[in-house]
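Chemist: You'll find final-v5.pdb just under this line, and it carries PDB, C-alpha atoms.
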ATOM      1  CA  MET A   1       0.000   0.000   0.000
ATOM      2  CA  ASP A   2       2.835   2.394   0.824
ATOM      3  CA  GLU A   3       4.388   1.663  -2.565
ATOM      4  CA  LEU A   4       1.098   2.484  -4.284
ATOM      5  CA  LYS A   5       0.819   5.793  -2.439
ATOM      6  CA  LYS A   6       4.385   6.641  -3.441
ATOM      7  CA  SER A   7       3.511   5.732  -7.041
ATOM      8  CA  LEU A   8       0.507   8.062  -6.833
ATOM      9  CA  LYS A   9       2.797  10.984  -5.987
ATOM     10  CA  ASP A  10       5.079  10.026  -8.893
ATOM     11  CA  PHE A  11       2.080   9.817 -11.222
ATOM     12  CA  LEU A  12       0.767  13.241 -10.236
ATOM     13  CA  ARG A  13       4.221  14.819 -10.424
ATOM     14  CA  ILE A  14       4.773  13.879 -14.073
ATOM     15  CA  LYS A  15       1.246  14.861 -15.118
ATOM     16  CA  ASN A  16       0.805  18.504 -16.014
ATOM     17  CA  TYR A  17      -2.554  18.757 -14.258
ATOM     18  CA  SER A  18      -4.210  21.711 -12.568
ATOM     19  CA  GLU A  19      -4.344  21.790  -8.757
ATOM     20  CA  HIS A  20      -8.056  21.004  -8.923
ATOM     21  CA  THR A  21      -7.506  17.904 -11.099
ATOM     22  CA  ILE A  22      -4.630  16.710  -8.897
ATOM     23  CA  SER A  23      -6.849  17.070  -5.830
ATOM     24  CA  ASN A  24      -9.552  14.968  -7.520
ATOM     25  CA  TYR A  25      -7.043  12.260  -8.483
ATOM     26  CA  GLU A  26      -5.633  12.052  -4.957
ATOM     27  CA  ARG A  27      -9.093  11.845  -3.420
ATOM     28  CA  ASP A  28     -10.339   9.199  -5.871
ATOM     29  CA  VAL A  29      -7.264   6.955  -5.677
ATOM     30  CA  ASN A  30      -6.943   7.264  -1.909
ATOM     31  CA  ARG A  31     -10.627   6.422  -1.536
ATOM     32  CA  PHE A  32     -10.018   3.181  -3.415
ATOM     33  CA  LEU A  33      -6.861   2.346  -1.424
ATOM     34  CA  LYS A  34      -8.745   2.992   1.831
ATOM     35  CA  TYR A  35     -11.495   0.653   0.628
ATOM     36  CA  LEU A  36      -8.917  -2.080  -0.015
ATOM     37  CA  THR A  37      -7.419  -1.550   3.451
ATOM     38  CA  GLU A  38     -10.794  -1.740   5.212
ATOM     39  CA  LYS A  39     -11.688  -4.909   3.306
ATOM     40  CA  LYS A  40      -8.226  -6.339   4.058
ATOM     41  CA  ILE A  41      -7.606  -6.841   0.338
ATOM     42  CA  ASP A  42      -4.048  -7.098  -0.925
ATOM     43  CA  PRO A  43      -3.661  -4.351  -3.586
ATOM     44  CA  ASN A  44      -1.778  -6.877  -5.734
ATOM     45  CA  ASP A  45      -4.702  -9.302  -5.679
ATOM     46  CA  ILE A  46      -7.595  -7.156  -6.882
ATOM     47  CA  SER A  47      -9.927  -8.546  -9.509
ATOM     48  CA  THR A  48     -12.919  -7.507 -11.570
ATOM     49  CA  SER A  49     -15.264  -8.690  -8.799
ATOM     50  CA  ILE A  50     -13.410  -6.587  -6.224
ATOM     51  CA  ILE A  51     -13.646  -3.526  -8.484
ATOM     52  CA  THR A  52     -17.365  -4.217  -8.951
ATOM     53  CA  GLY A  53     -17.757  -4.356  -5.164
ATOM     54  CA  TRP A  54     -15.976  -1.026  -4.885
ATOM     55  CA  ILE A  55     -18.333   0.571  -7.425
ATOM     56  CA  ILE A  56     -21.329  -0.790  -5.468
ATOM     57  CA  PHE A  57     -19.744   0.653  -2.313
ATOM     58  CA  LEU A  58     -19.477   4.076  -3.972
ATOM     59  CA  ARG A  59     -23.116   3.953  -5.038
ATOM     60  CA  LYS A  60     -24.276   2.940  -1.546
ATOM     61  CA  ASN A  61     -22.374   5.938  -0.190
ATOM     62  CA  GLY A  62     -24.392   8.311  -2.321
ATOM     63  CA  LEU A  63     -22.168   8.882  -5.337
ATOM     64  CA  GLY A  64     -24.010   9.393  -8.611
ATOM     65  CA  ASN A  65     -23.046   8.124 -12.045
ATOM     66  CA  ARG A  66     -20.992  11.208 -12.886
ATOM     67  CA  SER A  67     -18.886  10.945  -9.695
ATOM     68  CA  ILE A  68     -18.477   7.180 -10.130
ATOM     69  CA  GLN A  69     -17.386   7.729 -13.733
ATOM     70  CA  ARG A  70     -14.737  10.213 -12.570
ATOM     71  CA  ASN A  71     -13.509   7.769  -9.883
ATOM     72  CA  ILE A  72     -13.174   5.009 -12.468
ATOM     73  CA  SER A  73     -11.390   7.353 -14.862
ATOM     74  CA  SER A  74      -8.916   8.356 -12.135
ATOM     75  CA  LEU A  75      -8.163   4.724 -11.286
ATOM     76  CA  LYS A  76      -7.899   3.751 -14.964
ATOM     77  CA  ASN A  77      -5.277   6.419 -15.574
ATOM     78  CA  PHE A  78      -3.424   5.564 -12.367
ATOM     79  CA  TYR A  79      -3.306   1.830 -13.076
ATOM     80  CA  LYS A  80      -2.340   2.469 -16.677
ATOM     81  CA  PHE A  81       0.633   4.390 -15.313
ATOM     82  CA  LEU A  82       1.474   1.539 -12.907
ATOM     83  CA  PHE A  83       1.277  -1.009 -15.719
ATOM     84  CA  LYS A  84       3.469   1.002 -18.096
ATOM     85  CA  SER A  85       6.047   1.611 -15.368
ATOM     86  CA  GLY A  86       6.201  -2.116 -14.606
ATOM     87  CA  ALA A  87       4.827  -1.808 -11.072
ATOM     88  CA  ILE A  88       2.007  -4.278 -11.851
ATOM     89  CA  GLU A  89       1.701  -7.138 -14.307
ATOM     90  CA  SER A  90      -1.900  -6.494 -15.345
ATOM     91  CA  ASN A  91      -4.006  -3.360 -15.682
ATOM     92  CA  TYR A  92      -7.004  -4.387 -13.615
ATOM     93  CA  PHE A  93      -9.066  -1.368 -14.636
ATOM     94  CA  GLU A  94      -8.534  -1.597 -18.401
ATOM     95  CA  SER A  95     -11.797  -3.440 -19.086
ATOM     96  CA  VAL A  96     -13.955  -1.718 -16.453
ATOM     97  CA  GLN A  97     -17.002  -0.012 -17.977
ATOM     98  CA  SER A  98     -18.121   3.335 -16.605
ATOM     99  CA  PRO A  99     -21.827   3.916 -15.951
ATOM    100  CA  LYS A 100     -23.631   5.898 -18.616
ATOM    101  CA  ILE A 101     -24.482   9.502 -17.896
ATOM    102  CA  ASN A 102     -27.574  11.135 -19.271
ATOM    103  CA  GLU A 103     -26.221  14.281 -20.858
ATOM    104  CA  THR A 104     -28.018  17.380 -19.696
ATOM    105  CA  LEU A 105     -28.000  20.503 -21.802
ATOM    106  CA  PRO A 106     -25.841  23.251 -20.348
ATOM    107  CA  LYS A 107     -27.992  26.016 -18.945
ATOM    108  CA  ALA A 108     -27.375  29.042 -21.129
ATOM    109  CA  LEU A 109     -28.721  32.546 -20.748
ATOM    110  CA  THR A 110     -30.534  34.214 -23.610
ATOM    111  CA  PRO A 111     -28.813  37.260 -25.136
ATOM    112  CA  GLU A 112     -31.521  39.341 -23.406
ATOM    113  CA  ASP A 113     -30.647  37.766 -20.056
ATOM    114  CA  VAL A 114     -26.964  38.509 -20.583
ATOM    115  CA  GLU A 115     -27.791  42.118 -21.408
ATOM    116  CA  LYS A 116     -29.913  42.370 -18.265
ATOM    117  CA  LEU A 117     -27.170  40.878 -16.091
ATOM    118  CA  LEU A 118     -24.565  43.285 -17.460
ATOM    119  CA  SER A 119     -26.755  46.382 -17.488
ATOM    120  CA  PHE A 120     -25.755  47.616 -14.004
ATOM    121  CA  GLU A 121     -23.790  50.847 -13.780
ATOM    122  CA  PRO A 122     -20.619  50.510 -11.654
ATOM    123  CA  LYS A 123     -20.623  52.814  -8.628
ATOM    124  CA  THR A 124     -17.867  51.357  -6.469
ATOM    125  CA  PHE A 125     -14.419  49.763  -6.736
ATOM    126  CA  SER A 126     -15.991  46.288  -6.547
ATOM    127  CA  ASP A 127     -18.711  47.152  -9.074
ATOM    128  CA  ALA A 128     -16.156  48.226 -11.682
ATOM    129  CA  ARG A 129     -14.124  45.066 -11.160
ATOM    130  CA  ASP A 130     -17.210  42.841 -11.315
ATOM    131  CA  LYS A 131     -18.475  44.488 -14.492
ATOM    132  CA  ALA A 132     -15.096  43.957 -16.203
ATOM    133  CA  PHE A 133     -14.939  40.380 -14.921
ATOM    134  CA  LEU A 134     -18.416  39.497 -16.191
ATOM    135  CA  GLU A 135     -17.852  41.142 -19.558
ATOM    136  CA  LEU A 136     -14.586  39.230 -20.032
ATOM    137  CA  LEU A 137     -16.188  35.896 -19.044
ATOM    138  CA  TYR A 138     -18.913  36.321 -21.623
ATOM    139  CA  SER A 139     -16.766  37.976 -24.292
ATOM    140  CA  SER A 140     -14.061  35.321 -24.340
ATOM    141  CA  GLY A 141     -15.734  32.230 -22.857
ATOM    142  CA  LEU A 142     -13.282  31.897 -19.980
ATOM    143  CA  ARG A 143     -13.473  29.478 -17.099
ATOM    144  CA  VAL A 144     -13.755  31.395 -13.829
ATOM    145  CA  SER A 145     -10.341  30.017 -12.766
ATOM    146  CA  GLU A 146      -8.805  31.317 -16.001
ATOM    147  CA  ALA A 147     -10.353  34.754 -15.518
ATOM    148  CA  VAL A 148      -9.097  35.235 -11.952
ATOM    149  CA  ASN A 149      -5.578  34.344 -13.120
ATOM    150  CA  VAL A 150      -5.503  36.911 -15.938
ATOM    151  CA  ASN A 151      -2.736  39.470 -15.503
ATOM    152  CA  ILE A 152      -2.468  42.940 -16.981
ATOM    153  CA  ALA A 153       0.459  41.590 -18.996
ATOM    154  CA  SER A 154      -1.812  38.862 -20.414
ATOM    155  CA  PHE A 155      -3.304  41.317 -22.913
ATOM    156  CA  GLU A 156      -1.898  42.039 -26.331
ATOM    157  CA  SER A 157      -2.683  44.325 -29.253
ATOM    158  CA  ASP A 158      -4.166  47.163 -27.198
ATOM    159  CA  LEU A 159      -6.401  44.850 -25.102
ATOM    160  CA  ASN A 160      -7.906  43.250 -28.217
ATOM    161  CA  PHE A 161      -6.535  39.817 -27.302
ATOM    162  CA  VAL A 162      -5.945  38.034 -24.013
ATOM    163  CA  LYS A 163      -3.649  35.061 -23.380
ATOM    164  CA  VAL A 164      -4.995  32.562 -20.846
ATOM    165  CA  LEU A 165      -3.593  29.437 -19.258
ATOM    166  CA  GLY A 166      -6.142  26.645 -19.392
ATOM    167  CA  LYS A 167      -6.300  23.043 -18.230
ATOM    168  CA  GLY A 168      -3.080  21.103 -18.634
ATOM    169  CA  ASN A 169      -1.189  24.423 -18.658
ATOM    170  CA  LYS A 170      -2.199  24.937 -22.295
ATOM    171  CA  GLU A 171      -2.058  28.525 -23.464
ATOM    172  CA  ARG A 172      -4.546  29.996 -25.886
ATOM    173  CA  MET A 173      -5.079  33.480 -27.302
ATOM    174  CA  LEU A 174      -8.626  34.815 -27.338
ATOM    175  CA  PRO A 175     -10.266  37.902 -28.816
ATOM    176  CA  VAL A 176     -11.715  40.450 -26.398
ATOM    177  CA  GLY A 177     -15.001  42.066 -27.365
ATOM    178  CA  LYS A 178     -15.603  45.813 -27.409
ATOM    179  CA  TYR A 179     -17.833  45.859 -24.313
ATOM    180  CA  ALA A 180     -15.319  43.798 -22.348
ATOM    181  CA  LYS A 181     -12.441  46.018 -23.471
ATOM    182  CA  ASP A 182     -14.305  49.190 -22.446
ATOM    183  CA  ALA A 183     -15.206  47.703 -19.037
ATOM    184  CA  ILE A 184     -11.602  46.584 -18.461
ATOM    185  CA  LEU A 185     -10.270  50.037 -19.334
ATOM    186  CA  ARG A 186     -12.699  51.648 -16.859
ATOM    187  CA  TRP A 187     -11.702  49.107 -14.227
ATOM    188  CA  LEU A 188      -7.983  49.714 -14.822
ATOM    189  CA  GLU A 189      -8.446  53.442 -14.207
ATOM    190  CA  ILE A 190     -10.049  52.763 -10.828
ATOM    191  CA  ARG A 191      -7.719  49.895 -10.002
ATOM    192  CA  ASN A 192      -4.561  51.881 -10.745
ATOM    193  CA  GLU A 193      -5.722  54.738  -8.521
ATOM    194  CA  ASN A 194      -5.841  52.340  -5.573
ATOM    195  CA  ILE A 195      -3.498  49.450  -6.396
ATOM    196  CA  ASN A 196      -0.234  49.216  -8.299
ATOM    197  CA  SER A 197       1.635  46.536  -6.398
ATOM    198  CA  THR A 198       0.606  43.515  -8.457
ATOM    199  CA  ASP A 199       0.158  42.452 -12.065
ATOM    200  CA  ALA A 200      -3.096  40.606 -11.251
ATOM    201  CA  LEU A 201      -5.949  42.173 -13.225
ATOM    202  CA  PHE A 202      -8.746  41.354 -10.801
ATOM    203  CA  THR A 203      -7.947  42.151  -7.175
ATOM    204  CA  ASN A 204      -9.733  42.758  -3.914
ATOM    205  CA  LYS A 205      -9.514  46.105  -2.122
ATOM    206  CA  TYR A 206      -6.288  44.990  -0.431
ATOM    207  CA  GLY A 207      -4.519  44.433  -3.750
ATOM    208  CA  LYS A 208      -4.598  40.630  -3.541
ATOM    209  CA  ARG A 209      -5.701  38.543  -6.510
ATOM    210  CA  ILE A 210      -9.425  37.837  -6.185
ATOM    211  CA  SER A 211     -10.352  34.212  -5.495
ATOM    212  CA  VAL A 212     -12.612  31.964  -7.551
ATOM    213  CA  ARG A 213     -14.982  31.572  -4.612
ATOM    214  CA  ALA A 214     -15.228  35.328  -4.074
ATOM    215  CA  MET A 215     -16.167  35.936  -7.723
ATOM    216  CA  GLN A 216     -18.732  33.124  -7.687
ATOM    217  CA  GLN A 217     -20.380  34.791  -4.702
ATOM    218  CA  ARG A 218     -20.238  38.242  -6.305
ATOM    219  CA  ILE A 219     -21.848  37.028  -9.538
ATOM    220  CA  TYR A 220     -24.571  35.269  -7.532
ATOM    221  CA  LYS A 221     -25.359  38.515  -5.673
ATOM    222  CA  ILE A 222     -25.317  40.605  -8.854
ATOM    223  CA  SER A 223     -27.757  38.295 -10.647
ATOM    224  CA  ILE A 224     -30.165  38.409  -7.680
ATOM    225  CA  ALA A 225     -29.858  42.219  -7.503
ATOM    226  CA  GLN A 226     -30.708  42.377 -11.216
ATOM    227  CA  GLY A 227     -33.944  40.504 -10.569
ATOM    228  CA  MET A 228     -32.750  37.242 -12.110
ATOM    229  CA  SER A 229     -32.392  33.641 -11.002
ATOM    230  CA  PRO A 230     -28.899  32.892  -9.642
ATOM    231  CA  VAL A 231     -26.218  32.953 -12.343
ATOM    232  CA  SER A 232     -22.917  31.082 -12.141
ATOM    233  CA  PRO A 233     -19.698  31.948 -14.004
ATOM    234  CA  HIS A 234     -19.985  28.683 -15.952
ATOM    235  CA  MET A 235     -23.402  29.709 -17.264
ATOM    236  CA  LEU A 236     -21.756  32.684 -18.956
ATOM    237  CA  ARG A 237     -19.181  30.366 -20.542
ATOM    238  CA  HIS A 238     -21.983  28.136 -21.839
ATOM    239  CA  SER A 239     -23.863  31.196 -23.062
ATOM    240  CA  PHE A 240     -20.777  32.393 -24.946
ATOM    241  CA  ALA A 241     -20.493  29.024 -26.738
ATOM    242  CA  THR A 242     -24.211  28.765 -27.437
ATOM    243  CA  HIS A 243     -24.544  32.258 -28.877
ATOM    244  CA  ILE A 244     -21.515  31.826 -31.137
ATOM    245  CA  LEU A 245     -22.892  28.495 -32.360
ATOM    246  CA  GLU A 246     -26.284  30.053 -33.091
ATOM    247  CA  SER A 247     -24.698  32.865 -35.063
ATOM    248  CA  SER A 248     -22.044  30.909 -36.936
ATOM    249  CA  GLY A 249     -22.465  27.138 -36.497
ATOM    250  CA  ASP A 250     -18.664  26.923 -36.239
ATOM    251  CA  LEU A 251     -18.147  24.099 -33.754
ATOM    252  CA  ARG A 252     -14.404  23.859 -34.404
ATOM    253  CA  SER A 253     -13.805  27.484 -33.463
ATOM    254  CA  ILE A 254     -15.839  27.020 -30.289
ATOM    255  CA  GLN A 255     -13.650  24.042 -29.395
ATOM    256  CA  GLU A 256     -10.494  26.111 -29.802
ATOM    257  CA  MET A 257     -11.820  29.129 -27.916
ATOM    258  CA  LEU A 258     -13.096  27.051 -24.999
ATOM    259  CA  GLY A 259      -9.751  25.266 -24.795
ATOM    260  CA  HIS A 260     -11.117  21.734 -25.151
ATOM    261  CA  SER A 261      -8.774  19.174 -26.668
ATOM    262  CA  SER A 262     -11.546  16.991 -28.117
ATOM    263  CA  LEU A 263     -14.317  18.027 -30.453
ATOM    264  CA  SER A 264     -16.542  15.364 -28.866
ATOM    265  CA  THR A 265     -16.747  17.538 -25.754
ATOM    266  CA  LYS A 266     -18.607  20.087 -27.863
ATOM    267  CA  GLN A 267     -21.156  17.709 -29.385
ATOM    268  CA  ILE A 268     -23.657  18.548 -26.662
ATOM    269  CA  TYR A 269     -23.938  22.070 -28.065
ATOM    270  CA  THR A 270     -25.367  20.719 -31.303
ATOM    271  CA  LYS A 271     -28.495  19.778 -29.342
ATOM    272  CA  LEU A 272     -29.099  23.252 -28.041
ATOM    273  CA  ASN A 273     -30.985  24.731 -30.943
ATOM    274  CA  PHE A 274     -31.588  22.260 -33.729
ATOM    275  CA  GLN A 275     -33.825  24.606 -35.689
ATOM    276  CA  GLN A 276     -31.175  27.334 -35.612
ATOM    277  CA  LEU A 277     -28.537  24.885 -36.861
TER     278      LEU A 277
END
Could you spell out this file's structure in structure tokens?
Modeler:
Amino acid sequence: MDELKKSLKDFLRIKNYSEHTISNYERDVNRFLKYLTEKKIDPNDISTSIITGWIIFLRKNGLGNRSIQRNISSLKNFYKFLFKSGAIESNYFESVQSPKINETLPKALTPEDVEKLLSFEPKTFSDARDKAFLELLYSSGLRVSEAVNVNIASFESDLNFVKVLGKGNKERMLPVGKYAKDAILRWLEIRNENINSTDALFTNKYGKRISVRAMQQRIYKISIAQGMSPVSPHMLRHSFATHILESSGDLRSIQEMLGHSSLSTKQIYTKLNFQQL
């Protein structure tokens, strides 16, 4: 068991994953190793029936199909690494089937909803930052984690393009829309009057980079104040993709702008508005 835990650290070290993905891998693999320990199962003697028992255990503990699928994926990748490195003679997880997940359509705002959400007039330091943050999320389809990590130096060509670091530390260059550019320029004026000690674009009043959690809470409060149902940052990313698809039908460009490595990840968007397509 100790050797497996050491191998887990080796596996995560050579993978260029985000902190969030690494945390998920550690939790999923350690959950399985704990299960083996509690059942007094030798980690070298696992079988398909033992893996099936583990999946049943996960389900009994309240995990849904999506979480179980992620657990299986984590263990598949981990055991594939063990097999390739010669630590085990057989990849026990290679033939394990993940449960099917009923794909749900991403919840996207209408263009009118987006306009309503962004129609507030900034009156404070936080308002100006939030307006620029929201406009950039929608303009460029950023993940909230990508947006909070944008620096002033991330922009090129007079703020017309922004370079972001996505999953797997993959960089991509994205266009910035006019409304987002104007909001960022207004925010920079206010920001630079109060803060000049960091390159982080979006900061709190103390000059520290704003956190993902803080911006999720701010967007929730703004949407409620605008008389809307709660809005999440990811809904704006989905709205960005949906509205581009409806106006252009260019699925490949959406894939590149969202920073997804596989076009199959985008197939769900083709179900959003069949008549429009």
Chemist: Counting all atoms listed in the file, which residues in range 7-122 of chain A sit no more than 12 Å from range 172-183 of chain A? For each one, give the nearest pair of atoms and the distance in Å, sorted by chain then residue number, as CSV.
Modeler:
residue,atom,partner,partner_atom,distance
A:Glu115,CA,A:Tyr179,CA,11.0
A:Leu118,CA,A:Tyr179,CA,9.9
A:Ser119,CA,A:Tyr179,CA,11.2
A:Phe120,CA,A:Ala183,CA,11.7
A:Glu121,CA,A:Ala183,CA,10.5
A:Pro122,CA,A:Ala183,CA,9.6
Chemist: Could you give me, as a PDB file with C-alpha atoms, keeping the file's coordinate frame, the residues within 10 Å of Ser223 in chain A, counting all atoms listed in the file and dropping anything in the same chain fewer than 3 positions from it?
Modeler:
ATOM      1  CA  ASP A 113     -30.647  37.766 -20.056  1.00  0.00           C
ATOM      2  CA  VAL A 114     -26.964  38.509 -20.583  1.00  0.00           C
ATOM      3  CA  LYS A 116     -29.913  42.370 -18.265  1.00  0.00           C
ATOM      4  CA  LEU A 117     -27.170  40.878 -16.091  1.00  0.00           C
ATOM      5  CA  LEU A 118     -24.565  43.285 -17.460  1.00  0.00           C
ATOM      6  CA  ARG A 218     -20.238  38.242  -6.305  1.00  0.00           C
ATOM      7  CA  ILE A 219     -21.848  37.028  -9.538  1.00  0.00           C
ATOM      8  CA  TYR A 220     -24.571  35.269  -7.532  1.00  0.00           C
ATOM      9  CA  GLN A 226     -30.708  42.377 -11.216  1.00  0.00           C
ATOM     10  CA  GLY A 227     -33.944  40.504 -10.569  1.00  0.00           C
ATOM     11  CA  MET A 228     -32.750  37.242 -12.110  1.00  0.00           C
ATOM     12  CA  SER A 229     -32.392  33.641 -11.002  1.00  0.00           C
ATOM     13  CA  PRO A 230     -28.899  32.892  -9.642  1.00  0.00           C
ATOM     14  CA  VAL A 231     -26.218  32.953 -12.343  1.00  0.00           C
ATOM     15  CA  SER A 232     -22.917  31.082 -12.141  1.00  0.00           C
TER      16      SER A 232
END
Chemist: Interatomic distance between CA of Val212 in chain A and CA of Ala147 in chain A?
Modeler: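 Answer for the CA of Val212 in chain A to CA of Ala147 in chain A separation: 8.7 Å.
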Chemist: Please expand the PyMOL selection byres ((chain A and resi 153) around 9) into the concrete residues it hits in this file, giving the result as a list in words.
Modeler: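 Against this file, the PyMOL selection byres ((chain A and resi 153) around 9) returns the residues Val150, Asn151, Ile152, Ser154, Phe155, Glu156, Val162, Lys163, Asp199, Ala200 and Leu201 of chain A.
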Chemist: Would you translate the PyMOL selection byres ((chain A and resi 129) around 9) into the concrete set of residues it matches in this file, as a ChimeraX atom specification?
Modeler: /A:122,124-128,130-134,183-184,186-188,190-191,201-204
Chemist: Pick the closest to Gly53 in chain A from A:Arg13, A:Lys170, A:Lys39, A:Arg66: which is it, counting all atoms listed in the file?
Modeler: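 Among the listed residues, the smallest separation from Gly53 in chain A belongs to A:Lys39.
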